[in-house]
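Visitor: Sharing data.tsv here; it has TSV, C-alpha atoms and all ligand atoms.
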chain	number	residue	atom	x	y	z
F	1	MET	CA	0.00	0.00	0.00
F	2	LYS	CA	1.37	3.39	-0.99
F	3	ILE	CA	0.47	6.10	1.49
F	4	ALA	CA	1.32	9.81	1.47
F	5	PHE	CA	1.18	12.41	4.20
F	6	VAL	CA	0.76	15.93	2.83
F	7	GLY	CA	-0.32	19.28	4.23
F	8	LYS	CA	0.74	22.79	5.06
F	9	GLY	CA	4.26	23.42	6.39
F	10	GLY	CA	4.40	22.71	10.11
F	11	SER	CA	1.01	20.96	10.19
F	12	GLY	CA	2.51	17.71	11.45
F	13	LYS	CA	3.18	15.66	8.28
F	14	THR	CA	6.48	14.35	9.56
F	15	THR	CA	5.18	13.70	13.06
F	16	LEU	CA	2.15	11.77	11.84
F	17	SER	CA	4.12	9.90	9.15
F	18	SER	CA	6.63	8.80	11.76
F	19	LEU	CA	3.91	7.72	14.20
F	20	PHE	CA	2.15	5.79	11.46
F	21	ILE	CA	5.42	4.12	10.47
F	22	ARG	CA	6.02	3.15	14.11
F	23	HIS	CA	2.47	1.83	14.35
F	24	LEU	CA	2.90	-0.36	11.26
F	25	ALA	CA	6.33	-1.58	12.31
F	26	ALA	CA	5.07	-2.49	15.78
F	27	THR	CA	2.65	-4.94	14.18
F	28	GLY	CA	5.45	-6.54	12.20
F	29	ALA	CA	4.37	-5.13	8.84
F	30	PRO	CA	7.11	-4.47	6.28
F	31	VAL	CA	7.56	-0.71	5.82
F	32	LEU	CA	9.52	1.42	3.41
F	33	ALA	CA	9.62	4.96	4.77
F	34	VAL	CA	10.37	7.77	2.32
F	35	ASP	CA	11.23	11.35	3.18
F	36	ALA	CA	10.28	13.50	0.19
F	37	ASP	CA	9.51	16.63	2.18
F	38	ILE	CA	11.27	19.95	1.65
F	39	ASN	CA	12.26	19.86	5.28
F	40	GLN	CA	14.00	16.53	5.70
F	41	HIS	CA	12.96	15.56	9.20
F	42	LEU	CA	11.67	12.03	8.94
F	43	GLY	CA	14.97	10.46	10.03
F	44	PRO	CA	15.10	12.39	13.32
F	45	ALA	CA	11.38	11.73	13.85
F	46	LEU	CA	12.21	8.03	13.61
F	47	GLY	CA	14.87	8.48	16.27
F	48	LEU	CA	18.05	9.08	14.27
F	49	ASP	CA	20.46	11.56	15.80
F	50	GLU	CA	21.76	14.54	13.85
F	51	ALA	CA	24.88	12.81	12.59
F	52	GLU	CA	23.00	9.69	11.48
F	53	ALA	CA	20.38	11.79	9.70
F	54	ALA	CA	23.03	13.88	7.94
F	55	ALA	CA	24.79	10.73	6.75
F	56	LEU	CA	21.69	9.27	5.05
F	57	PRO	CA	22.32	8.58	1.36
F	58	ALA	CA	20.26	10.96	-0.78
F	59	MET	CA	18.14	9.48	-3.57
F	60	GLY	CA	18.55	12.75	-5.46
F	61	ASP	CA	22.30	12.10	-5.73
F	62	ARG	CA	21.77	8.56	-7.01
F	63	LEU	CA	19.36	9.19	-9.86
F	64	PRO	CA	21.64	7.69	-12.55
F	65	LEU	CA	21.93	4.45	-10.59
F	66	ILE	CA	18.18	4.34	-9.93
F	67	LYS	CA	17.37	4.98	-13.58
F	68	ASP	CA	19.86	2.45	-14.85
F	69	TYR	CA	18.51	-0.25	-12.58
F	70	LEU	CA	14.83	0.42	-13.32
F	71	ARG	CA	15.43	0.69	-17.05
F	72	GLY	CA	16.72	-2.88	-17.11
F	73	THR	CA	16.57	-4.12	-20.68
F	74	ASN	CA	13.55	-2.07	-21.70
F	75	PRO	CA	14.29	-1.41	-25.39
F	76	ARG	CA	12.08	1.70	-25.41
F	77	ILE	CA	14.44	3.52	-23.03
F	78	SER	CA	17.74	3.92	-24.80
F	79	SER	CA	19.72	5.39	-21.90
F	80	ALA	CA	19.39	6.60	-18.33
F	81	GLU	CA	19.85	10.16	-19.64
F	82	THR	CA	16.61	9.96	-21.62
F	83	MET	CA	14.71	8.63	-18.64
F	84	ILE	CA	12.76	11.39	-16.92
F	85	LYS	CA	10.89	11.16	-13.64
F	86	THR	CA	7.66	10.16	-15.35
F	87	THR	CA	9.13	7.56	-17.74
F	88	PRO	CA	6.83	4.57	-17.19
F	89	PRO	CA	7.98	0.97	-16.89
F	90	GLY	CA	7.45	-1.39	-19.82
F	91	ALA	CA	8.55	-4.84	-20.93
F	92	GLY	CA	12.15	-5.32	-19.81
F	93	SER	CA	11.96	-2.77	-16.97
F	94	ARG	CA	12.92	-3.88	-13.50
F	95	LEU	CA	10.23	-3.53	-10.86
F	96	LEU	CA	10.72	-2.97	-7.15
F	97	ARG	CA	9.07	-4.87	-4.33
F	98	VAL	CA	8.75	-3.79	-0.73
F	99	CYS	CA	10.35	-6.98	0.63
F	100	GLU	CA	13.50	-7.66	-1.33
F	101	THR	CA	17.03	-6.49	-1.64
F	102	ASN	CA	17.96	-4.68	-4.81
F	103	PRO	CA	20.62	-2.18	-5.88
F	104	VAL	CA	18.28	0.77	-5.31
F	105	TYR	CA	17.70	-0.14	-1.66
F	106	GLU	CA	21.36	-1.05	-1.26
F	107	ALA	CA	22.35	2.42	-2.45
F	108	CYS	CA	19.56	4.51	-0.93
F	109	ALA	CA	17.85	2.72	1.94
F	110	HIS	CA	18.98	2.88	5.53
F	111	PRO	CA	17.70	0.41	8.13
F	112	VAL	CA	16.13	2.07	11.16
F	113	GLU	CA	15.31	0.15	14.28
F	114	LEU	CA	12.11	1.01	16.09
F	115	ASP	CA	11.55	-0.73	19.40
F	116	GLY	CA	12.84	-4.01	18.04
F	117	ALA	CA	11.22	-3.77	14.61
F	118	ALA	CA	13.11	-2.52	11.59
F	119	VAL	CA	12.02	-0.37	8.68
F	120	ARG	CA	13.86	0.91	5.63
F	121	LEU	CA	14.26	4.67	5.28
F	122	MET	CA	14.96	6.42	2.00
F	123	VAL	CA	15.40	10.19	1.73
F	124	THR	CA	15.40	12.51	-1.30
F	125	GLY	CA	18.09	14.67	0.28
F	126	PRO	CA	17.89	18.35	1.17
F	127	PHE	CA	16.19	20.68	-1.27
F	128	THR	CA	17.83	23.77	-2.67
F	129	GLU	CA	16.30	26.91	-4.19
F	130	ALA	CA	16.56	25.33	-7.64
F	131	ASP	CA	14.55	22.28	-6.58
F	132	LEU	CA	11.60	24.45	-5.66
F	133	GLY	CA	11.25	26.10	-9.05
F	134	VAL	CA	10.58	24.48	-12.37
F	135	ALA	CA	13.81	22.45	-12.53
F	136	CYS	CA	11.82	19.37	-13.52
F	137	TYR	CA	14.64	17.33	-14.95
F	138	HIS	CA	16.69	17.18	-11.79
F	139	SER	CA	13.85	17.32	-9.34
F	140	LYS	CA	14.61	15.52	-6.12
F	141	THR	CA	11.18	14.00	-5.80
F	142	GLY	CA	11.63	12.60	-9.31
F	143	ALA	CA	13.62	9.74	-7.81
F	144	VAL	CA	10.69	8.92	-5.54
F	145	GLU	CA	8.19	9.15	-8.37
F	146	LEU	CA	10.24	6.77	-10.50
F	147	CYS	CA	10.43	4.28	-7.67
F	148	LEU	CA	6.68	4.49	-6.98
F	149	ASN	CA	5.92	3.93	-10.65
F	150	HIS	CA	8.08	0.82	-10.66
F	151	LEU	CA	6.95	-0.52	-7.32
F	152	VAL	CA	4.63	-3.48	-7.02
F	153	ASP	CA	3.35	-3.56	-3.46
F	154	GLY	CA	0.89	-6.02	-2.04
F	155	ARG	CA	-1.64	-6.11	0.77
F	156	GLY	CA	0.02	-5.70	4.15
F	157	GLU	CA	3.17	-4.07	2.72
F	158	TYR	CA	3.55	-0.35	3.19
F	159	VAL	CA	5.35	2.52	1.54
F	160	VAL	CA	4.86	5.68	3.58
F	161	VAL	CA	5.90	8.99	2.02
F	162	ASP	CA	6.29	12.25	3.95
F	163	MET	CA	5.69	14.74	1.19
F	164	THR	CA	5.35	18.37	0.23
F	165	ALA	CA	2.13	19.26	-1.51
F	166	GLY	CA	3.98	21.51	-3.94
F	167	SER	CA	3.16	22.41	-7.52
F	168	ASP	CA	5.82	19.95	-8.68
F	169	SER	CA	3.88	16.99	-7.31
F	170	PHE	CA	0.76	18.15	-9.17
F	171	ALA	CA	2.52	18.78	-12.48
F	172	SER	CA	4.35	15.46	-12.47
F	173	GLY	CA	1.47	13.31	-11.29
F	174	MET	CA	3.20	12.35	-8.06
F	175	PHE	CA	-0.03	13.12	-6.17
F	176	THR	CA	-1.83	10.30	-8.03
F	177	ARG	CA	0.69	7.61	-7.03
F	178	PHE	CA	-0.87	6.64	-3.70
F	179	ASP	CA	-3.58	4.28	-2.55
F	180	MET	CA	-4.34	6.77	0.21
F	181	THR	CA	-3.34	10.37	0.84
F	182	PHE	CA	-3.61	11.70	4.36
F	183	LEU	CA	-3.84	15.46	4.40
F	184	VAL	CA	-2.73	16.74	7.77
F	185	ALA	CA	-4.60	19.91	8.69
F	186	GLU	CA	-4.57	22.11	11.72
F	187	PRO	CA	-7.96	23.62	12.54
F	188	THR	CA	-7.14	26.91	10.83
F	189	ARG	CA	-8.19	28.58	7.60
F	190	LYS	CA	-4.74	28.04	6.14
F	191	GLY	CA	-4.74	24.37	7.04
F	192	VAL	CA	-8.08	23.90	5.36
F	193	SER	CA	-7.13	25.91	2.26
F	194	VAL	CA	-4.36	23.43	1.46
F	195	TYR	CA	-7.02	20.71	1.67
F	196	ARG	CA	-9.25	22.58	-0.79
F	197	GLN	CA	-6.42	23.00	-3.27
F	198	TYR	CA	-5.47	19.34	-3.02
F	199	LYS	CA	-9.05	18.23	-3.38
F	200	GLU	CA	-9.36	20.32	-6.52
F	201	TYR	CA	-6.35	18.62	-8.15
F	202	ALA	CA	-7.39	15.22	-6.90
F	203	ARG	CA	-10.94	15.40	-8.18
F	204	ASP	CA	-10.33	14.23	-11.74
F	205	PHE	CA	-7.91	11.46	-10.82
F	206	GLY	CA	-9.78	9.38	-8.29
F	207	VAL	CA	-7.28	10.19	-5.56
F	208	ALA	CA	-8.39	8.81	-2.18
F	209	LEU	CA	-7.97	11.73	0.21
F	210	LYS	CA	-8.68	11.82	3.93
F	211	VAL	CA	-8.04	14.65	6.36
F	212	VAL	CA	-6.26	14.07	9.63
F	213	GLY	CA	-6.88	16.98	11.98
F	214	ASN	CA	-3.81	17.72	14.07
F	215	LYS	CA	-3.07	19.90	17.10
F	216	VAL	CA	-6.77	19.81	17.85
F	217	GLN	CA	-7.54	21.28	21.27
F	218	GLY	CA	-11.23	20.90	21.84
F	219	GLN	CA	-14.72	20.49	20.48
F	220	ASP	CA	-14.61	23.89	18.77
F	221	ASP	CA	-11.60	22.73	16.71
F	222	ILE	CA	-13.35	19.49	15.77
F	223	ASP	CA	-16.52	21.38	14.81
F	224	PHE	CA	-14.49	23.75	12.64
F	225	LEU	CA	-12.82	20.91	10.76
F	226	GLN	CA	-16.08	19.05	10.37
F	227	GLU	CA	-17.75	22.13	8.91
F	228	GLU	CA	-14.91	22.85	6.49
F	229	VAL	CA	-13.99	19.35	5.43
F	230	GLY	CA	-17.16	17.32	5.94
F	231	GLU	CA	-16.92	13.57	5.55
F	232	ASP	CA	-13.31	13.74	4.37
F	233	LEU	CA	-12.36	14.25	8.03
F	234	LEU	CA	-11.14	10.83	9.14
F	235	VAL	CA	-9.79	11.44	12.60
F	236	THR	CA	-8.31	14.15	14.80
F	237	VAL	CA	-5.19	14.14	16.94
F	238	GLY	CA	-4.50	16.41	19.90
F	239	HIS	CA	-1.28	17.54	21.49
F	240	SER	CA	0.85	14.52	22.35
F	241	ASP	CA	3.19	14.52	25.33
F	242	TRP	CA	4.80	11.42	23.81
F	243	VAL	CA	5.69	13.43	20.69
F	244	ARG	CA	7.01	16.26	22.82
F	245	ALA	CA	9.23	13.85	24.77
F	246	MET	CA	10.53	12.45	21.49
F	247	GLU	CA	11.32	15.97	20.31
F	248	LYS	CA	13.40	16.38	23.44
F	249	GLY	CA	15.43	13.40	22.36
F	250	ARG	CA	13.94	11.11	24.99
F	251	PRO	CA	11.52	8.90	23.10
F	252	PRO	CA	9.51	6.66	25.43
F	253	ARG	CA	8.64	3.18	24.17
F	254	PHE	CA	6.07	3.45	21.40
F	255	GLU	CA	3.50	1.44	23.34
F	256	LEU	CA	3.42	4.33	25.82
F	257	LEU	CA	1.95	6.66	23.18
F	258	GLU	CA	-1.43	7.99	24.36
F	259	ASP	CA	-4.31	5.52	23.84
F	260	ALA	CA	-6.32	8.02	21.80
F	261	ASN	CA	-3.38	8.39	19.41
F	262	HIS	CA	-2.95	4.63	19.09
F	263	LEU	CA	-6.62	4.49	18.12
F	264	ALA	CA	-6.18	7.31	15.62
F	265	LEU	CA	-3.27	5.45	13.99
F	266	GLN	CA	-5.36	2.30	13.81
F	267	ALA	CA	-8.06	4.31	12.05
F	268	LEU	CA	-5.50	5.51	9.50
F	269	ARG	CA	-4.42	1.97	8.84
F	270	THR	CA	-7.97	0.71	8.48
F	271	ALA	CA	-8.72	3.49	5.99
F	272	ALA	CA	-5.55	2.77	4.02
F	273	ASP	CA	-6.10	-0.99	4.01
F	274	ALA	CA	-9.67	-0.58	2.78
F	275	THR	CA	-8.40	0.93	-0.46
F	276	TYR	CA	-6.73	-2.34	-1.44
F	277	ASP	CA	-10.00	-3.79	-2.66
F	278	VAL	CA	-10.61	-0.89	-5.04
F	279	ARG	CA	-7.11	-0.88	-6.48
F	280	ASP	CA	-7.01	-0.41	-10.20
F	281	TRP	CA	-3.60	-1.16	-11.76
F	282	ASP	CA	-4.90	-0.31	-15.22
F	283	ARG	CA	-5.85	3.17	-14.12
F	284	TYR	CA	-2.58	3.48	-12.17
F	285	THR	CA	-0.64	2.70	-15.32
F	286	ARG	CA	-2.83	4.91	-17.52
F	287	GLN	CA	-2.26	7.85	-15.21
F	288	MET	CA	1.51	7.50	-15.27
F	289	VAL	CA	1.38	7.48	-19.06
F	290	HIS	CA	-0.90	10.53	-19.03
F	291	PHE	CA	1.53	12.54	-16.91
F	292	HIS	CA	4.53	11.26	-18.84
F	293	LEU	CA	3.09	12.50	-22.13
F	294	LYS	CA	2.25	15.82	-20.49
F	295	ASN	CA	5.79	16.24	-19.15
F	296	ALA	CA	7.29	15.06	-22.43
F	297	GLN	CA	5.45	17.81	-24.27
F	298	SER	CA	5.94	20.60	-21.79
F	299	TRP	CA	9.71	20.16	-21.23
F	300	GLY	CA	10.97	16.56	-21.52
F	301	ASN	CA	11.27	16.26	-25.30
F	302	ALA	CA	13.06	19.57	-25.57
F	303	ARG	CA	15.32	18.73	-22.68
F	304	THR	CA	16.37	15.25	-23.79
F	305	GLY	CA	16.15	15.72	-27.56
F	306	VAL	CA	14.12	12.52	-27.77
F	307	ASP	CA	10.45	11.90	-28.50
F	308	LEU	CA	9.62	10.61	-25.05
F	309	ALA	CA	6.19	9.38	-26.12
F	310	SER	CA	8.01	6.46	-27.72
F	311	GLN	CA	9.01	5.27	-24.23
F	312	VAL	CA	5.43	4.23	-23.54
F	313	ASP	CA	4.85	0.49	-23.86
F	314	PRO	CA	1.17	0.28	-24.84
F	315	GLY	CA	0.83	-3.35	-23.79
F	316	PHE	CA	2.27	-2.95	-20.31
F	317	VAL	CA	0.27	-2.80	-17.09
F	318	LEU	CA	1.97	-2.58	-13.73
F	319	ARG	CA	0.40	-5.20	-11.47
F	320	GLU	CA	1.06	-7.67	-8.70
F	321	SER	CA	2.44	-10.89	-10.04
F	322	LEU	CA	0.00	-13.73	-9.60
F	323	HIS	CA	2.74	-15.91	-8.16
F	324	SER	CA	3.50	-13.66	-5.21
F	325	VAL	CA	-0.09	-13.35	-4.02
F	326	GLU	CA	-1.05	-16.94	-3.35
F	327	VAL	CA	0.33	-17.99	0.01
F	328	GLY	CA	-0.71	-21.40	1.26
F	329	ALA	CA	-2.20	-24.10	-0.94
F	330	PRO	CA	-5.99	-24.46	-1.10
F	331	GLN	CA	-7.41	-27.06	1.25
F	332	PRO	CA	-8.47	-30.34	-0.35
F	333	ALA	CA	-12.24	-30.74	-0.45
A	1	LIG	N1	0.16	15.97	17.78
A	1	LIG	C1	1.25	16.64	18.16
A	1	LIG	N2	1.61	16.72	19.46
A	1	LIG	C2	2.71	17.41	19.85
A	1	LIG	N3	3.53	18.05	19.00
A	1	LIG	C3	3.23	17.99	17.67
A	1	LIG	C4	2.10	17.29	17.19
A	1	LIG	N4	2.07	17.41	15.84
A	1	LIG	C5	3.13	18.14	15.51
A	1	LIG	N5	3.83	18.52	16.60
A	1	LIG	C6	5.03	19.35	16.62
A	1	LIG	O1	4.86	20.44	15.71
A	1	LIG	C7	6.04	20.70	14.98
A	1	LIG	C8	5.79	20.58	13.48
A	1	LIG	O2	5.45	19.23	13.18
A	1	LIG	P1	6.07	18.47	11.94
A	1	LIG	O3	7.52	18.74	11.83
A	1	LIG	O4	5.61	17.08	12.02
A	1	LIG	O5	5.30	19.23	10.77
A	1	LIG	P2	5.55	19.15	9.20
A	1	LIG	O6	4.23	19.34	8.57
A	1	LIG	O7	6.31	17.92	8.85
A	1	LIG	O8	6.45	20.43	9.02
A	1	LIG	P3	7.41	20.83	7.81
A	1	LIG	O9	6.52	21.46	6.81
A	1	LIG	O10	8.37	21.77	8.44
A	1	LIG	O11	8.04	19.58	7.31
A	1	LIG	C9	7.06	19.72	15.50
A	1	LIG	O12	7.85	20.33	16.47
A	1	LIG	C10	6.23	18.61	16.10
A	1	LIG	O13	6.88	17.92	17.10
A	2	MG	MG	8.09	17.70	7.81
Here is the file; what I need is its structure written in the form of structure tokens.
Guide:
Amino acid sequence: MKIAFVGKGGSGKTTLSSLFIRHLAATGAPVLAVDADINQHLGPALGLDEAEAAALPAMGDRLPLIKDYLRGTNPRISSAETMIKTTPPGAGSRLLRVCETNPVYEACAHPVELDGAAVRLMVTGPFTEADLGVACYHSKTGAVELCLNHLVDGRGEYVVVDMTAGSDSFASGMFTRFDMTFLVAEPTRKGVSVYRQYKEYARDFGVALKVVGNKVQGQDDIDFLQEEVGEDLLVTVGHSDWVRAMEKGRPPRFELLEDANHLALQALRTAADATYDVRDWDRYTRQMVHFHLKNAQSWGNARTGVDLASQVDPGFVLRESLHSVEVGAPQPA
């Protein structure tokens, strides 16, 4: 399951992503955690100290390796240089799975231990001024988008992305790459306006969007969110002393997180899991092609000197392999 946390700066994306990752890991679920936020804070939120966080390998610096691996022997992609962030997989491409080792994880993923469980953490690397403009070709989140478009995840496997809801993610199609998007909103007009903007983009693409109210202090806050967001409001979270202790560098054991917050995290998981049954790999593939053609026209063809539309393999659909799904033989009658 691919899950994104988005929202206004400071709303609590990183905090809630990290809590959700801890929640999943505590149940033994395999988790790939991805920091694609402008402010790279997911590592520290998962308990890494400053030096460990600074030493994390940046996906943005390893784009050639990522592209070369994913390209595999796909004859439609002549070189890593002509592969842009939206180049879709086709016959011959290499796909990623949540539970495996591969050169991309070896180069970019860092194991993080959480109360005995382990997750993999990948980070885009710090953003610069140039990343925030229209520098599409070298965009840091491009590495994440490529990986998501080549990633075949199954039920009970999780990819959790802490993400900026910037214009880049709308232009590239990144915002359509998730089974579930959790929009973290404080009970303020600004918090809700980011929701409205996201909802507007999401409308035509069947994006599953739920609002997680954060820093909610009382009934008035809940009423406000309910009025503004309606049935998209999934759950609300109040101030957490556990989070504050973690911020002080003294994380208590995760099981000591407040009961109400454990319940909220369970609600997030239930909502995310429920989307598995309505998964549509055909649409998922169609959308990546749609955004690839759009990017090809608007800058990619000019930039690479290649007609990038020819990279699209019309017969290819990204999907779970039938072999990996069936666990346990059927019982004899
Ligand atoms: N429920 C909460 N209880 C206590 N503190 C919280 C809670 N949610 C967020 N915070 C605190 O608020 C601050 C901002 O949260 P966080 O860094 O998660 O936001 P963000 O949306 O990821 O911000 P940025 O846009 O800077 O990446 C942090 O100091 C965090 O610890
Ligand atoms: Mg953050």
Visitor: Any residue with an atom at most 7 Å from ligand MG 2 (chain A) counts, using only C-alpha atoms and all ligand atoms. Which are they? Put them as a PyMOL selection string.
Guide: chain F and resi 10+12-14+37+39-42+162
Visitor: Can you work out which one of F:Gln226, F:Gln266, F:Thr73, F:Asn102 has the shortest atom-to-atom distance to Pro89 of chain F, counting only C-alpha atoms?
Guide: F:Thr73
Visitor: Please check which protein, DNA or RNA residues sit within 9 Å of ligand LIG 1 (chain A), counting only C-alpha atoms and all ligand atoms, and write them as a PyMOL selection string.
Guide: chain F and resi 5-18+37-42+45+162-164+184-185+214-216+237-247+261
Visitor: How big is the axis-aligned box, and where does its centre sit, when it encloses all atoms of segment 300-312 of chain F listed in the file and has 5 Å added on every side, reported in Å to one decimal as AutoDock Vina command-line options?
Guide:
--center_x 10.9 --center_y 11.9 --center_z -25.0 --size_x 20.9 --size_y 25.3 --size_z 17.0
Visitor: Near Val34 of chain F, counting only C-alpha atoms, which residues have an atom at most 10 Å away, once you skip same-chain residues fewer than 2 positions from it, shown as a VMD selection string?
Guide: chain F and resid 4 17 31 to 32 36 to 37 42 to 43 59 109 120 to 124 144 159 to 163
Visitor: Just to confirm, what's the straight-line distance from atom CA of Leu318 of chain F to atom CA of Asp68 of chain F in Å (one decimal)?
Guide: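 Computed distance, atom CA of Leu318 of chain F to atom CA of Asp68 of chain F, equals 18.6 Å.
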Visitor: Closest to Asp282 of chain F among F:Lys248, F:Lys210, F:Arg319, F:Arg253, using only C-alpha atoms?
Guide: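 The answer is F:Arg319, which sits nearest to Asp282 of chain F.
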Visitor: Leaving out segment 297-309 of chain F and any residue of its chain fewer than 6 positions from it, which residues lie within 8 Å of it when counting only C-alpha atoms, given as a CSV table (one decimal) with C-alpha atoms, keeping the file's coordinate frame?
Guide:
chain,number,residue,atom,x,y,z
F,81,GLU,CA,19.8,10.2,-19.6
F,82,THR,CA,16.6,10.0,-21.6
F,84,ILE,CA,12.8,11.4,-16.9
F,87,THR,CA,9.1,7.6,-17.7
F,137,TYR,CA,14.6,17.3,-15.0
Visitor: Please compute the atom CA of Phe182 of chain F-atom CA of Phe170 of chain F distance, one decimal, in Å.
Guide: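 If I compute the distance from atom CA of Phe182 of chain F to atom CA of Phe170 of chain F, I get 15.6 Å.
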Visitor: Hey, can you pull every residue with an atom no more than 7 Å from (22.9, 4.4, -16.5), using only C-alpha atoms, and send it as JSON, numbers by chain?
Guide: {"F": [64, 65, 67, 68, 79, 80]}
Visitor: Considering all atoms listed in the file, state which residue in the set F:Gly230, F:Gly90, F:Gly72, F:Val235 is at the smallest distance from Pro314 of chain F.
Guide: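 When distances to Pro314 of chain F are compared using all atoms listed in the file, the smallest one comes from F:Gly90.
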Visitor: Quick one, how far is atom CA of Tyr198 of chain F from atom CA of Arg286 of chain F?
Guide: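 Those two atoms sit 20.6 Å apart.
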Visitor: From the options F:Ser172, F:Ser139, F:Ser321, F:Thr236, which residue's atoms come nearest to Leu268 of chain F, counting all atoms listed in the file?
Guide: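 Selected residue with least distance to Leu268 of chain F: F:Thr236.
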Visitor: Select, from F:Leu46, F:Ala143, F:Met180, F:Cys108, the residue with the minimum atom-to-atom distance to Ala25 of chain F, counting only C-alpha atoms.
Guide: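 The answer is F:Leu46, which sits nearest to Ala25 of chain F.
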Visitor: Residues at most 12 Å from Ala202 of chain F, counting all atoms listed in the file, excluding those fewer than 3 positions away in the same chain, as a list in words?
Guide: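 Within the cut-off, the hits are Ala165, Ser169, Phe170, Ala171, Gly173, Met174, Phe175, Thr176, Arg177, Phe178, Met180, Thr181, Leu183, Tyr195, Arg196, Gln197, Tyr198, Lys199, Phe205, Gly206, Val207, Ala208, Leu209 and Lys210 of chain F.
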Visitor: Could those residues be written to a file, using C-alpha atoms, as a PDB file, in the coordinates of the input?
Guide:
ATOM      1  CA  ALA F 165       2.130  19.260  -1.510  1.00  0.00           C
ATOM      2  CA  SER F 169       3.880  16.990  -7.310  1.00  0.00           C
ATOM      3  CA  PHE F 170       0.760  18.150  -9.170  1.00  0.00           C
ATOM      4  CA  ALA F 171       2.520  18.780 -12.480  1.00  0.00           C
ATOM      5  CA  GLY F 173       1.470  13.310 -11.290  1.00  0.00           C
ATOM      6  CA  MET F 174       3.200  12.350  -8.060  1.00  0.00           C
ATOM      7  CA  PHE F 175      -0.030  13.120  -6.170  1.00  0.00           C
ATOM      8  CA  THR F 176      -1.830  10.300  -8.030  1.00  0.00           C
ATOM      9  CA  ARG F 177       0.690   7.610  -7.030  1.00  0.00           C
ATOM     10  CA  PHE F 178      -0.870   6.640  -3.700  1.00  0.00           C
ATOM     11  CA  MET F 180      -4.340   6.770   0.210  1.00  0.00           C
ATOM     12  CA  THR F 181      -3.340  10.370   0.840  1.00  0.00           C
ATOM     13  CA  LEU F 183      -3.840  15.460   4.400  1.00  0.00           C
ATOM     14  CA  TYR F 195      -7.020  20.710   1.670  1.00  0.00           C
ATOM     15  CA  ARG F 196      -9.250  22.580  -0.790  1.00  0.00           C
ATOM     16  CA  GLN F 197      -6.420  23.000  -3.270  1.00  0.00           C
ATOM     17  CA  TYR F 198      -5.470  19.340  -3.020  1.00  0.00           C
ATOM     18  CA  LYS F 199      -9.050  18.230  -3.380  1.00  0.00           C
ATOM     19  CA  PHE F 205      -7.910  11.460 -10.820  1.00  0.00           C
ATOM     20  CA  GLY F 206      -9.780   9.380  -8.290  1.00  0.00           C
ATOM     21  CA  VAL F 207      -7.280  10.190  -5.560  1.00  0.00           C
ATOM     22  CA  ALA F 208      -8.390   8.810  -2.180  1.00  0.00           C
ATOM     23  CA  LEU F 209      -7.970  11.730   0.210  1.00  0.00           C
ATOM     24  CA  LYS F 210      -8.680  11.820   3.930  1.00  0.00           C
TER      25      LYS F 210
END
Visitor: Find the residues around Ala118 of chain F up to 12 Å (all atoms listed in the file counted), leave out those fewer than 5 positions away in its own chain, and share them as number ranges by chain.
Guide: F: 21-33, 46, 109-113
Visitor: For the structure just given, write the atoms of segment 290-300 of chain F, namely N, CA and C atoms, as a PDB file, in the first residue's frame.
Guide:
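Once written, decode_0.pdb looks like this:
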ATOM      1  N   HIS F 290      -0.312   9.192 -18.836  1.00  0.00           N
ATOM      2  CA  HIS F 290      -0.900  10.528 -19.033  1.00  0.00           C
ATOM      3  C   HIS F 290       0.079  11.630 -18.613  1.00  0.00           C
ATOM      4  N   PHE F 291       0.624  11.496 -17.409  1.00  0.00           N
ATOM      5  CA  PHE F 291       1.526  12.540 -16.913  1.00  0.00           C
ATOM      6  C   PHE F 291       2.876  12.507 -17.641  1.00  0.00           C
ATOM      7  N   HIS F 292       3.274  11.325 -18.081  1.00  0.00           N
ATOM      8  CA  HIS F 292       4.529  11.261 -18.838  1.00  0.00           C
ATOM      9  C   HIS F 292       4.387  12.027 -20.150  1.00  0.00           C
ATOM     10  N   LEU F 293       3.286  11.820 -20.849  1.00  0.00           N
ATOM     11  CA  LEU F 293       3.086  12.504 -22.129  1.00  0.00           C
ATOM     12  C   LEU F 293       3.000  14.022 -21.919  1.00  0.00           C
ATOM     13  N   LYS F 294       2.364  14.408 -20.822  1.00  0.00           N
ATOM     14  CA  LYS F 294       2.252  15.819 -20.491  1.00  0.00           C
ATOM     15  C   LYS F 294       3.636  16.445 -20.232  1.00  0.00           C
ATOM     16  N   ASN F 295       4.443  15.739 -19.456  1.00  0.00           N
ATOM     17  CA  ASN F 295       5.787  16.238 -19.147  1.00  0.00           C
ATOM     18  C   ASN F 295       6.690  16.194 -20.374  1.00  0.00           C
ATOM     19  N   ALA F 296       6.500  15.169 -21.198  1.00  0.00           N
ATOM     20  CA  ALA F 296       7.287  15.059 -22.430  1.00  0.00           C
ATOM     21  C   ALA F 296       7.066  16.302 -23.275  1.00  0.00           C
ATOM     22  N   GLN F 297       5.798  16.661 -23.433  1.00  0.00           N
ATOM     23  CA  GLN F 297       5.449  17.814 -24.272  1.00  0.00           C
ATOM     24  C   GLN F 297       5.912  19.122 -23.677  1.00  0.00           C
ATOM     25  N   SER F 298       5.695  19.279 -22.367  1.00  0.00           N
ATOM     26  CA  SER F 298       5.942  20.599 -21.794  1.00  0.00           C
ATOM     27  C   SER F 298       7.432  20.882 -21.612  1.00  0.00           C
ATOM     28  N   TRP F 299       8.274  19.857 -21.378  1.00  0.00           N
ATOM     29  CA  TRP F 299       9.714  20.158 -21.228  1.00  0.00           C
ATOM     30  C   TRP F 299      10.619  18.972 -21.575  1.00  0.00           C
ATOM     31  N   GLY F 300      10.097  17.745 -21.418  1.00  0.00           N
ATOM     32  CA  GLY F 300      10.966  16.564 -21.525  1.00  0.00           C
ATOM     33  C   GLY F 300      11.567  16.358 -22.906  1.00  0.00           C
TER      34      GLY F 300
END
